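*Asks:* PDB, C-alpha atoms, saved as data_11.pdb, coming up:
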ATOM      1  CA  MET A   1       1.370   3.604  -0.341
ATOM      2  CA  THR A   2       3.604   6.655  -0.444
ATOM      3  CA  ARG A   3       6.424   7.008  -2.943
ATOM      4  CA  LYS A   4       8.957   6.408  -0.172
ATOM      5  CA  GLN A   5       7.206   3.217   0.946
ATOM      6  CA  LEU A   6       7.099   1.921  -2.631
ATOM      7  CA  LEU A   7      10.797   2.675  -3.128
ATOM      8  CA  GLU A   8      11.726   0.981   0.132
ATOM      9  CA  ALA A   9       9.701  -2.051  -0.959
ATOM     10  CA  LEU A  10      11.540  -2.030  -4.281
ATOM     11  CA  LEU A  11      14.960  -1.911  -2.644
ATOM     12  CA  VAL A  12      14.215  -4.990  -0.558
ATOM     13  CA  SER A  13      12.257  -6.633  -3.395
ATOM     14  CA  GLU A  14       9.245  -6.983  -1.143
ATOM     15  CA  ALA A  15       6.757  -7.237  -4.028
ATOM     16  CA  PRO A  16       6.979  -8.052  -7.749
ATOM     17  CA  VAL A  17       9.144  -5.421  -9.464
ATOM     18  CA  ALA A  18       6.665  -4.786 -12.299
ATOM     19  CA  SER A  19       3.798  -3.960  -9.927
ATOM     20  CA  LEU A  20       5.982  -1.644  -7.830
ATOM     21  CA  LEU A  21       7.158   0.178 -10.967
ATOM     22  CA  THR A  22       3.585   0.616 -12.156
ATOM     23  CA  ALA A  23       2.616   2.090  -8.782
ATOM     24  CA  LEU A  24       5.704   4.339  -8.760
ATOM     25  CA  ALA A  25       4.886   5.637 -12.261
ATOM     26  CA  GLU A  26       1.898   7.438 -10.724
ATOM     27  CA  PHE A  27       4.387   9.825  -9.100
ATOM     28  CA  GLY A  28       6.190  10.544 -12.381
ATOM     29  CA  TRP A  29       9.941  10.123 -12.883
ATOM     30  CA  ASP A  30      11.276  13.401 -11.526
ATOM     31  CA  CYS A  31      11.662  13.760  -7.810
ATOM     32  CA  GLU A  32      12.153  16.825  -5.658
ATOM     33  CA  GLU A  33      11.972  14.901  -2.387
ATOM     34  CA  GLU A  34      14.987  13.485  -0.584
ATOM     35  CA  PRO A  35      15.920  10.278  -2.445
ATOM     36  CA  VAL A  36      15.609   6.903  -0.767
ATOM     37  CA  LEU A  37      19.083   5.434  -0.328
ATOM     38  CA  LEU A  38      20.329   2.243  -1.930
ATOM     39  CA  ARG A  39      22.852   0.517   0.339
ATOM     40  CA  CYS A  40      25.378  -2.261  -0.191
ATOM     41  CA  ASP A  41      23.313  -4.588   1.975
ATOM     42  CA  HIS A  42      20.289  -4.205  -0.337
ATOM     43  CA  VAL A  43      22.360  -5.538  -3.241
ATOM     44  CA  ALA A  44      24.068  -8.196  -1.128
ATOM     45  CA  ALA A  45      20.654  -9.453   0.056
ATOM     46  CA  MET A  46      19.493  -9.857  -3.568
ATOM     47  CA  LEU A  47      22.676 -11.727  -4.435
ATOM     48  CA  ARG A  48      22.301 -14.011  -1.431
ATOM     49  CA  GLN A  49      18.772 -14.875  -2.590
ATOM     50  CA  PHE A  50      20.242 -15.727  -5.992
ATOM     51  CA  LEU A  51      22.975 -17.847  -4.416
ATOM     52  CA  SER A  52      20.450 -19.774  -2.353
ATOM     53  CA  GLY A  53      18.315 -20.429  -5.444
ATOM     54  CA  GLU A  54      15.322 -18.389  -4.246
ATOM     55  CA  ILE A  55      15.440 -16.113  -7.298
ATOM     56  CA  SER A  56      16.896 -16.366 -10.805
ATOM     57  CA  GLY A  57      19.571 -14.308 -12.540
ATOM     58  CA  ARG A  58      16.787 -12.738 -14.601
ATOM     59  CA  ASP A  59      15.034 -11.637 -11.399
ATOM     60  CA  VAL A  60      18.241  -9.972 -10.197
ATOM     61  CA  SER A  61      18.713  -8.289 -13.569
ATOM     62  CA  ASP A  62      15.118  -6.999 -13.617
ATOM     63  CA  TRP A  63      15.519  -5.639 -10.091
ATOM     64  CA  ALA A  64      18.825  -3.918 -10.901
ATOM     65  CA  ASP A  65      17.339  -2.462 -14.071
ATOM     66  CA  ALA A  66      14.411  -1.112 -12.052
ATOM     67  CA  VAL A  67      16.762   0.558  -9.568
ATOM     68  CA  GLU A  68      19.282   1.827 -12.144
ATOM     69  CA  GLY A  69      19.161   5.539 -12.969
ATOM     70  CA  ARG A  70      16.077   6.416 -10.916
ATOM     71  CA  ASP A  71      15.786  10.043  -9.862
ATOM     72  CA  ASP A  72      14.220   9.069  -6.553
ATOM     73  CA  ILE A  73      16.908   6.578  -5.497
ATOM     74  CA  GLY A  74      20.283   7.770  -4.273
ATOM     75  CA  SER A  75      23.352   5.899  -3.071
ATOM     76  CA  ASP A  76      24.696   5.601   0.417
ATOM     77  CA  GLU A  77      27.424   8.204   0.905
ATOM     78  CA  GLY A  78      30.880   6.801   0.275
ATOM     79  CA  ASP A  79      29.530   3.778  -1.609
ATOM     80  CA  GLU A  80      28.369   5.573  -4.764
ATOM     81  CA  ASP A  81      31.110   4.065  -6.960
ATOM     82  CA  ILE A  82      30.709   0.431  -5.974
ATOM     83  CA  LEU A  83      26.907   0.702  -6.055
ATOM     84  CA  THR A  84      26.937   2.286  -9.528
ATOM     85  CA  ASP A  85      29.294  -0.442 -10.737
ATOM     86  CA  VAL A  86      27.379  -3.379  -9.289
ATOM     87  CA  ILE A  87      23.962  -2.102 -10.394
ATOM     88  CA  TYR A  88      25.272  -1.428 -13.909
ATOM     89  CA  GLU A  89      26.749  -4.927 -14.163
ATOM     90  CA  LEU A  90      23.673  -6.665 -12.771
ATOM     91  CA  ALA A  91      21.277  -4.615 -14.929
ATOM     92  CA  ASN A  92      23.291  -5.189 -18.103
ATOM     93  CA  PRO A  93      24.555  -8.776 -18.196
ATOM     94  CA  GLU A  94      24.601  -8.687 -22.018
ATOM     95  CA  LEU A  95      27.169  -5.875 -21.896
ATOM     96  CA  THR A  96      29.225  -7.012 -18.928
ATOM     97  CA  ARG A  97      29.103 -10.639 -17.802
ATOM     98  CA  PRO A  98      26.287 -12.994 -16.947
ATOM     99  CA  LEU A  99      25.432 -13.444 -13.289
ATOM    100  CA  SER A 100      26.750 -16.740 -11.958
ATOM    101  CA  PRO A 101      27.282 -18.118  -8.457
ATOM    102  CA  GLU A 102      30.943 -17.102  -8.784
ATOM    103  CA  THR A 103      30.247 -13.487  -9.809
ATOM    104  CA  ALA A 104      27.510 -13.210  -7.174
ATOM    105  CA  ALA A 105      29.916 -14.481  -4.500
ATOM    106  CA  GLU A 106      32.576 -12.048  -5.714
ATOM    107  CA  TRP A 107      30.218  -9.053  -5.456
ATOM    108  CA  THR A 108      28.837 -10.223  -2.122
ATOM    109  CA  PHE A 109      32.385 -10.330  -0.812
ATOM    110  CA  HIS A 110      33.216  -6.821  -2.093
ATOM    111  CA  LEU A 111      29.941  -5.359  -0.809
ATOM    112  CA  GLY A 112      30.483  -7.072   2.548
ATOM    113  CA  SER A 113      34.015  -5.636   2.743
ATOM    114  CA  ARG A 114      32.543  -2.168   2.274
ATOM    115  CA  ARG A 115      30.055  -2.795   5.038
ATOM    116  CA  GLU A 116      32.759  -4.019   7.405
ATOM    117  CA  ARG A 117      34.888  -0.942   6.715
ATOM    118  CA  VAL A 118      31.904   1.281   7.421
ATOM    119  CA  THR A 119      31.220  -0.593  10.657
ATOM    120  CA  GLU A 120      34.831  -0.265  11.751
ATOM    121  CA  ALA A 121      34.673   3.478  11.137
ATOM    122  CA  GLY A 122      32.567   4.141  14.200
ATOM    123  CA  PRO A 123      30.894   2.311  17.059
ATOM    124  CA  ASP A 124      27.561   4.013  16.467
ATOM    125  CA  MET A 125      27.045   2.519  13.031
ATOM    126  CA  SER A 126      23.955   0.357  13.118
ATOM    127  CA  ILE A 127      24.787  -1.822  10.120
ATOM    128  CA  GLY A 128      27.434  -4.470  10.233
ATOM    129  CA  GLY A 129      28.119  -8.148   9.790
ATOM    130  CA  GLU A 130      29.252 -10.741  12.279
ATOM    131  CA  LYS A 131      32.452 -12.645  11.664
ATOM    132  CA  ARG A 132      33.095 -16.154  12.911
ATOM    133  CA  LEU A 133      36.663 -17.404  13.101
ATOM    134  CA  ILE A 134      36.908 -21.084  12.259
ATOM    135  CA  PRO A 135      40.333 -22.762  12.080
ATOM    136  CA  ILE A 136      41.117 -24.462   8.778
ATOM    137  CA  ASP A 137      43.837 -27.050   8.268
ATOM    138  CA  GLU A 138      46.875 -25.362   6.726
ATOM    139  CA  LYS A 139      47.163 -27.771   3.786
ATOM    140  CA  LEU A 140      43.466 -27.537   3.090
ATOM    141  CA  PHE A 141      43.597 -23.740   3.134
ATOM    142  CA  GLY A 142      46.609 -23.858   0.807
ATOM    143  CA  ARG A 143      44.474 -25.732  -1.715
ATOM    144  CA  VAL A 144      41.613 -23.237  -1.240
ATOM    145  CA  ALA A 145      44.058 -20.395  -1.856
ATOM    146  CA  GLU A 146      45.260 -22.042  -5.094
ATOM    147  CA  ILE A 147      41.707 -22.444  -6.387
ATOM    148  CA  SER A 148      40.883 -18.934  -5.224
ATOM    149  CA  GLU A 149      43.752 -17.541  -7.274
ATOM    150  CA  SER A 150      42.936 -19.512 -10.402
ATOM    151  CA  GLU A 151      39.222 -18.591 -10.194
ATOM    152  CA  HIS A 152      39.927 -14.930  -9.260
ATOM    153  CA  ILE A 153      37.575 -15.231  -6.295
ATOM    154  CA  PRO A 154      38.712 -14.205  -2.789
ATOM    155  CA  PRO A 155      39.126 -17.293  -0.519
ATOM    156  CA  GLU A 156      36.526 -15.998   1.959
ATOM    157  CA  ALA A 157      33.945 -15.681  -0.836
ATOM    158  CA  LEU A 158      34.852 -19.113  -2.211
ATOM    159  CA  ILE A 159      34.440 -20.801   1.188
ATOM    160  CA  ASP A 160      31.200 -18.894   1.745
ATOM    161  CA  LEU A 161      29.886 -20.081  -1.637
ATOM    162  CA  TRP A 162      30.881 -23.716  -1.071
ATOM    163  CA  LEU A 163      29.360 -23.724   2.398
ATOM    164  CA  LYS A 164      26.087 -22.331   1.076
ATOM    165  CA  GLU A 165      26.004 -24.991  -1.653
ATOM    166  CA  LYS A 166      26.718 -27.751   0.850
ATOM    167  CA  ILE A 167      24.164 -26.467   3.354
ATOM    168  CA  SER A 168      21.565 -26.201   0.624
ATOM    169  CA  GLU A 169      22.353 -29.790  -0.443
ATOM    170  CA  VAL A 170      22.277 -31.194   3.090
ATOM    171  CA  GLY A 171      19.287 -29.023   4.018
ATOM    172  CA  GLN A 172      17.161 -30.837   1.476
ATOM    173  CA  GLN A 173      17.839 -34.152   3.255
ATOM    174  CA  ILE A 174      17.714 -32.980   6.867
ATOM    175  CA  PRO A 175      14.633 -31.036   7.992
ATOM    176  CA  ARG A 176      15.199 -27.869  10.049
ATOM    177  CA  VAL A 177      14.653 -28.247  13.815
TER     178      VAL A 177
ATOM    179  CA  MET B   1      30.293  12.618 -16.880
ATOM    180  CA  GLN B   2      30.880  15.213 -19.574
ATOM    181  CA  ILE B   3      27.967  16.844 -21.306
ATOM    182  CA  THR B   4      28.186  17.875 -24.929
ATOM    183  CA  ASP B   5      25.747  20.387 -26.331
ATOM    184  CA  VAL B   6      24.867  19.508 -29.894
ATOM    185  CA  LEU B   7      24.787  22.478 -32.307
ATOM    186  CA  GLN B   8      22.741  25.342 -30.917
ATOM    187  CA  VAL B   9      20.604  23.401 -28.459
ATOM    188  CA  SER B  10      19.703  25.540 -25.489
ATOM    189  CA  LEU B  11      18.059  24.370 -22.312
ATOM    190  CA  ASN B  12      15.923  26.189 -19.826
ATOM    191  CA  LYS B  13      16.682  25.987 -16.118
ATOM    192  CA  VAL B  14      14.448  22.991 -15.361
ATOM    193  CA  GLN B  15      15.696  21.090 -18.403
ATOM    194  CA  SER B  16      19.296  21.799 -17.349
ATOM    195  CA  GLU B  17      18.587  20.491 -13.866
ATOM    196  CA  ASN B  18      17.020  17.358 -15.342
ATOM    197  CA  LEU B  19      20.060  16.888 -17.577
ATOM    198  CA  ARG B  20      22.350  17.169 -14.569
ATOM    199  CA  ARG B  21      20.400  14.427 -12.759
ATOM    200  CA  PHE B  22      20.445  12.232 -15.877
ATOM    201  CA  ALA B  23      24.221  12.573 -16.262
ATOM    202  CA  LYS B  24      24.872  12.004 -12.568
ATOM    203  CA  LYS B  25      23.007   8.685 -12.530
ATOM    204  CA  LEU B  26      24.668   7.222 -15.642
ATOM    205  CA  PRO B  27      27.195   4.379 -15.363
ATOM    206  CA  LYS B  28      30.723   5.694 -14.828
ATOM    207  CA  VAL B  29      31.849   4.337 -18.195
ATOM    208  CA  ALA B  30      29.177   6.221 -20.154
ATOM    209  CA  GLU B  31      30.303   8.398 -23.052
ATOM    210  CA  HIS B  32      29.465  12.097 -23.410
ATOM    211  CA  VAL B  33      25.820  13.042 -23.172
ATOM    212  CA  LYS B  34      24.353  14.312 -26.431
ATOM    213  CA  ILE B  35      21.377  16.636 -26.519
ATOM    214  CA  TYR B  36      18.801  16.874 -29.280
ATOM    215  CA  ASP B  37      15.806  19.115 -29.906
ATOM    216  CA  LEU B  38      12.361  17.590 -29.900
ATOM    217  CA  PRO B  39       9.213  19.118 -31.408
ATOM    218  CA  GLY B  40       7.437  21.528 -29.059
ATOM    219  CA  GLY B  41      10.533  22.633 -27.174
ATOM    220  CA  GLY B  42      11.333  19.267 -25.625
ATOM    221  CA  LYS B  43      14.841  17.803 -25.469
ATOM    222  CA  ALA B  44      16.345  14.333 -25.693
ATOM    223  CA  PHE B  45      19.447  13.430 -23.680
ATOM    224  CA  GLN B  46      21.421  10.450 -24.938
ATOM    225  CA  ALA B  47      24.460   8.617 -23.635
ATOM    226  CA  ASP B  48      26.053   5.418 -24.900
ATOM    227  CA  VAL B  49      27.820   2.824 -22.806
ATOM    228  CA  ARG B  50      30.072   0.406 -24.660
ATOM    229  CA  ALA B  51      29.919  -3.291 -23.798
ATOM    230  CA  ARG B  52      32.763  -4.732 -21.778
ATOM    231  CA  ASN B  53      32.453  -8.202 -23.233
ATOM    232  CA  ILE B  54      31.368  -7.858 -26.882
ATOM    233  CA  SER B  55      33.124  -5.391 -29.160
ATOM    234  CA  GLY B  56      30.654  -3.141 -30.976
ATOM    235  CA  SER B  57      27.758  -3.828 -28.638
ATOM    236  CA  PHE B  58      26.468  -0.949 -26.512
ATOM    237  CA  ALA B  59      23.536   0.403 -24.524
ATOM    238  CA  ARG B  60      21.963   3.766 -25.264
ATOM    239  CA  TYR B  61      20.337   5.533 -22.340
ATOM    240  CA  GLU B  62      17.831   8.116 -23.558
ATOM    241  CA  LYS B  63      15.705  10.470 -21.541
ATOM    242  CA  GLN B  64      13.179  12.800 -23.151
ATOM    243  CA  VAL B  65      11.908  15.867 -21.347
ATOM    244  CA  ASP B  66       9.176  18.272 -22.360
ATOM    245  CA  ALA B  67       9.456  22.053 -22.717
ATOM    246  CA  ARG B  68       8.851  22.444 -18.947
ATOM    247  CA  GLY B  69      11.685  20.033 -18.158
ATOM    248  CA  LYS B  70       9.439  17.187 -17.029
ATOM    249  CA  THR B  71      10.585  13.655 -17.914
ATOM    250  CA  ILE B  72       8.191  12.055 -20.373
ATOM    251  CA  LEU B  73      10.212   9.031 -21.502
ATOM    252  CA  TYR B  74      13.291   7.120 -20.347
ATOM    253  CA  THR B  75      14.514   4.085 -22.267
ATOM    254  CA  LYS B  76      17.595   1.905 -22.403
ATOM    255  CA  THR B  77      18.231   0.267 -25.762
ATOM    256  CA  THR B  78      20.841  -2.458 -26.110
ATOM    257  CA  TYR B  79      22.444  -2.798 -29.544
ATOM    258  CA  ALA B  80      24.252  -5.775 -31.067
ATOM    259  CA  PRO B  81      27.566  -5.259 -32.906
ATOM    260  CA  ASP B  82      25.733  -5.262 -36.267
ATOM    261  CA  GLY B  83      23.574  -2.334 -35.118
ATOM    262  CA  GLY B  84      20.493  -4.467 -34.550
ATOM    263  CA  ILE B  85      18.452  -3.905 -31.417
ATOM    264  CA  VAL B  86      18.772  -6.638 -28.797
ATOM    265  CA  HIS B  87      16.068  -5.156 -26.593
ATOM    266  CA  ILE B  88      14.512  -1.917 -25.390
ATOM    267  CA  LYS B  89      13.770  -1.457 -21.699
ATOM    268  CA  PHE B  90      11.227   1.158 -20.692
ATOM    269  CA  LYS B  91      12.278   2.777 -17.477
ATOM    270  CA  PHE B  92       9.573   5.444 -17.715
ATOM    271  CA  PRO B  93       6.753   4.980 -18.271
ATOM    272  CA  PRO B  94       7.431   1.394 -17.213
ATOM    273  CA  GLY B  95       6.416  -1.397 -19.536
ATOM    274  CA  PRO B  96       7.472  -4.821 -20.693
ATOM    275  CA  ALA B  97      10.846  -4.974 -22.424
ATOM    276  CA  PHE B  98      10.668  -5.059 -26.225
ATOM    277  CA  TYR B  99      12.611  -7.836 -27.959
ATOM    278  CA  PRO B 100      12.570  -7.367 -31.765
ATOM    279  CA  GLY B 101      13.560 -10.991 -32.256
ATOM    280  CA  GLY B 102      10.453 -12.115 -30.382
TER     281      GLY B 102
END
Let me see the structure of the file written as structure tokens.

*Replies:*
Amino acid sequence: MTRKQLLEALLVSEAPVASLLTALAEFGWDCEEEPVLLRCDHVAAMLRQFLSGEISGRDVSDWADAVEGRDDIGSDEGDEDILTDVIYELANPELTRPLSPETAAEWTFHLGSRRERVTEAGPDMSIGGEKRLIPIDEKLFGRVAEISESEHIPPEALIDLWLKEKISEVGQQIPRV
Amino acid sequence: MQITDVLQVSLNKVQSENLRRFAKKLPKVAEHVKIYDLPGGGKAFQADVRARNISGSFARYEKQVDARGKTILYTKTTYAPDGGIVHIKFKFPPGPAFYPGG
């Protein structure tokens, strides 16, 4: 595999991190080629895997540590700050805060907001998320908003998290069609 | 990210370029980069990042380059408030993390 292919596999966590890093070490650390770009959706995808229970917090931390500081990985233009922040936090839970469903949902929300802003910036952008508008009873939403405020989690992220938990719970009892 | 030359350390062009890449990729909250001489003309670049959650705890990012400016080692060491090492992560060459406590 080429260096670029290995880096792309690393960004989407396509193979075990340790084996990808060993293969990448063959190319050395320094890189004169164009860096492969880390995007918000790479990080959001890792966090969604954590939220669905497919991978552990340690897996996310190992992945972020592998990505952090590499000469051959750059950041998507305009998202450098948020990507540096999220990778630093995920790679260093001992120095920041441990990854939990709440913090993962919070980051997923912020990274998704970035993606939506990018999508709104121009019709030719290929990345973007779909929104579904579902009416929620006013009193019920009022309660969600209260919990959202006390937990410091945006209501959209909170609802997203609860839905995922519920779907995961129900999904174990009802087989997929 | 500010870069602080320590004493009379001088860098050649390739080492300077490597230092610039090192500094650019550090977390935003990293402190000034310090530069040390290594035997044989190599240099070590070091930057500390203080913990957000535990006072006195920090991570030290260290990259070592040889006389030609090629990266030969990159580690991240996390320290506890008492100065003890929590773990060392080997970014390059990659290897298993070292936990002094076992």

*Asks:* Can you tell me which residues surround Ile85 (chain B) at a distance of at most 10 Å, considering only C-alpha atoms, apart from same-chain residues fewer than 6 positions away, and format the answer as a list in words?

*Replies:*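 Skipping anything fewer than 6 positions along the chain leaves Ser57, Phe58, Ala59, Thr77, Thr78, Tyr79, Phe98, Tyr99, Pro100 and Gly101 of chain B.
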
*Asks:* Report as a VMD selection string the full result of the PyMOL selection byres ((chain A and resi 38-44) around 10) when it is applied to this structure.

*Replies:* chain A and resid 7 to 8 10 to 13 35 to 37 45 to 50 60 63 to 64 67 73 to 77 79 to 80 82 to 83 86 to 87 90 104 to 105 107 to 115 127 to 129

*Asks:* Could you work out how far CA of Ala23 (chain B) lies from CA of Leu99 (chain A), giving the answer in Å with one decimal?

*Replies:*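 That distance, rounded to one decimal, is 26.2 Å.
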
*Asks:* For the provided coordinates, the residues matched by the PyMOL selection byres ((chain A) within 8 of (chain B)) should be stated as a ChimeraX atom specification.

*Replies:* /A:18,21-22,25,28-30,66,68-71,84-85,88,94-97

*Asks:* Between A:Pro16, A:Pro98, A:Gly78, A:Pro135, which has the minimum distance to Asp62 (chain A) (counting only C-alpha atoms)?

*Replies:*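 The answer is A:Pro16, which sits nearest to Asp62 (chain A).
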
*Asks:* In terms of the shortest atom-to-atom distance over all atoms listed in the file, which of A:Ser19, A:Glu14, A:Ile55, A:Arg3 is closest to Cys31 (chain A)?

*Replies:* A:Arg3

*Asks:* In Å to one decimal, how far is CA of Val33 (chain B) from CA of Lys13 (chain B)?

*Replies:*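 Interatomic distance, CA of Lys13 (chain B) to CA of Val33 (chain B): 17.3 Å.
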
*Asks:* Can you tell me, as JSON, the centre and edge lengths (Å, one decimal) of the axis-aligned box enclosing all of region 86-95 of chain B's listed atoms after padding each side by 5 Å?

*Replies:*
{"center_x": 12.6, "center_y": -0.6, "center_z": -23.0, "size_x": 22.4, "size_y": 22.1, "size_z": 21.6}

*Asks:* Can you work out which one of B:Ile88, B:Gln64, B:Val14, B:Asp82 has the shortest atom-to-atom distance to Pro39 (chain B), counting all atoms listed in the file?

*Replies:* B:Gln64

*Asks:* When you look at Leu38 (chain B) with a cut-off of 9 Å (counting only C-alpha atoms), what residues show up, excluding the ones that are within fewer than 3 positions of it in the same chain? I need them as a short mmCIF file (atom, residue, chain, number, x, y, z; two decimals) with C-alpha atoms, keeping the file's coordinate frame.

*Replies:*
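around.cif was written with the following content:
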data_model
loop_
_atom_site.label_atom_id
_atom_site.label_comp_id
_atom_site.auth_asym_id
_atom_site.auth_seq_id
_atom_site.Cartn_x
_atom_site.Cartn_y
_atom_site.Cartn_z
CA GLY B 41 10.53 22.63 -27.17
CA GLY B 42 11.33 19.27 -25.62
CA LYS B 43 14.84 17.80 -25.47
CA ALA B 44 16.34 14.33 -25.69
CA GLN B 64 13.18 12.80 -23.15
CA VAL B 65 11.91 15.87 -21.35
CA ASP B 66 9.18 18.27 -22.36
CA ALA B 67 9.46 22.05 -22.72
#

*Asks:* Between CA of Val170 (chain A) and CA of Leu51 (chain A), what is the distance, to one decimal in Å?

*Replies:*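 Value for the CA of Val170 (chain A)-CA of Leu51 (chain A) distance: 15.3 Å.
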
*Asks:* As a check of understanding, name the residues that the PyMOL selection byres ((chain A and resi 161) around 10) selects in the supplied structure, as a list in words.

*Replies:*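 So the PyMOL selection byres ((chain A and resi 161) around 10), applied here, picks out Arg48, Leu51, Ser52, Pro101, Glu102, Ala104, Ala105, Glu106, Thr108, Pro155, Glu156, Ala157, Leu158, Ile159, Asp160, Trp162, Leu163, Lys164, Glu165, Lys166 and Ile167 of chain A.
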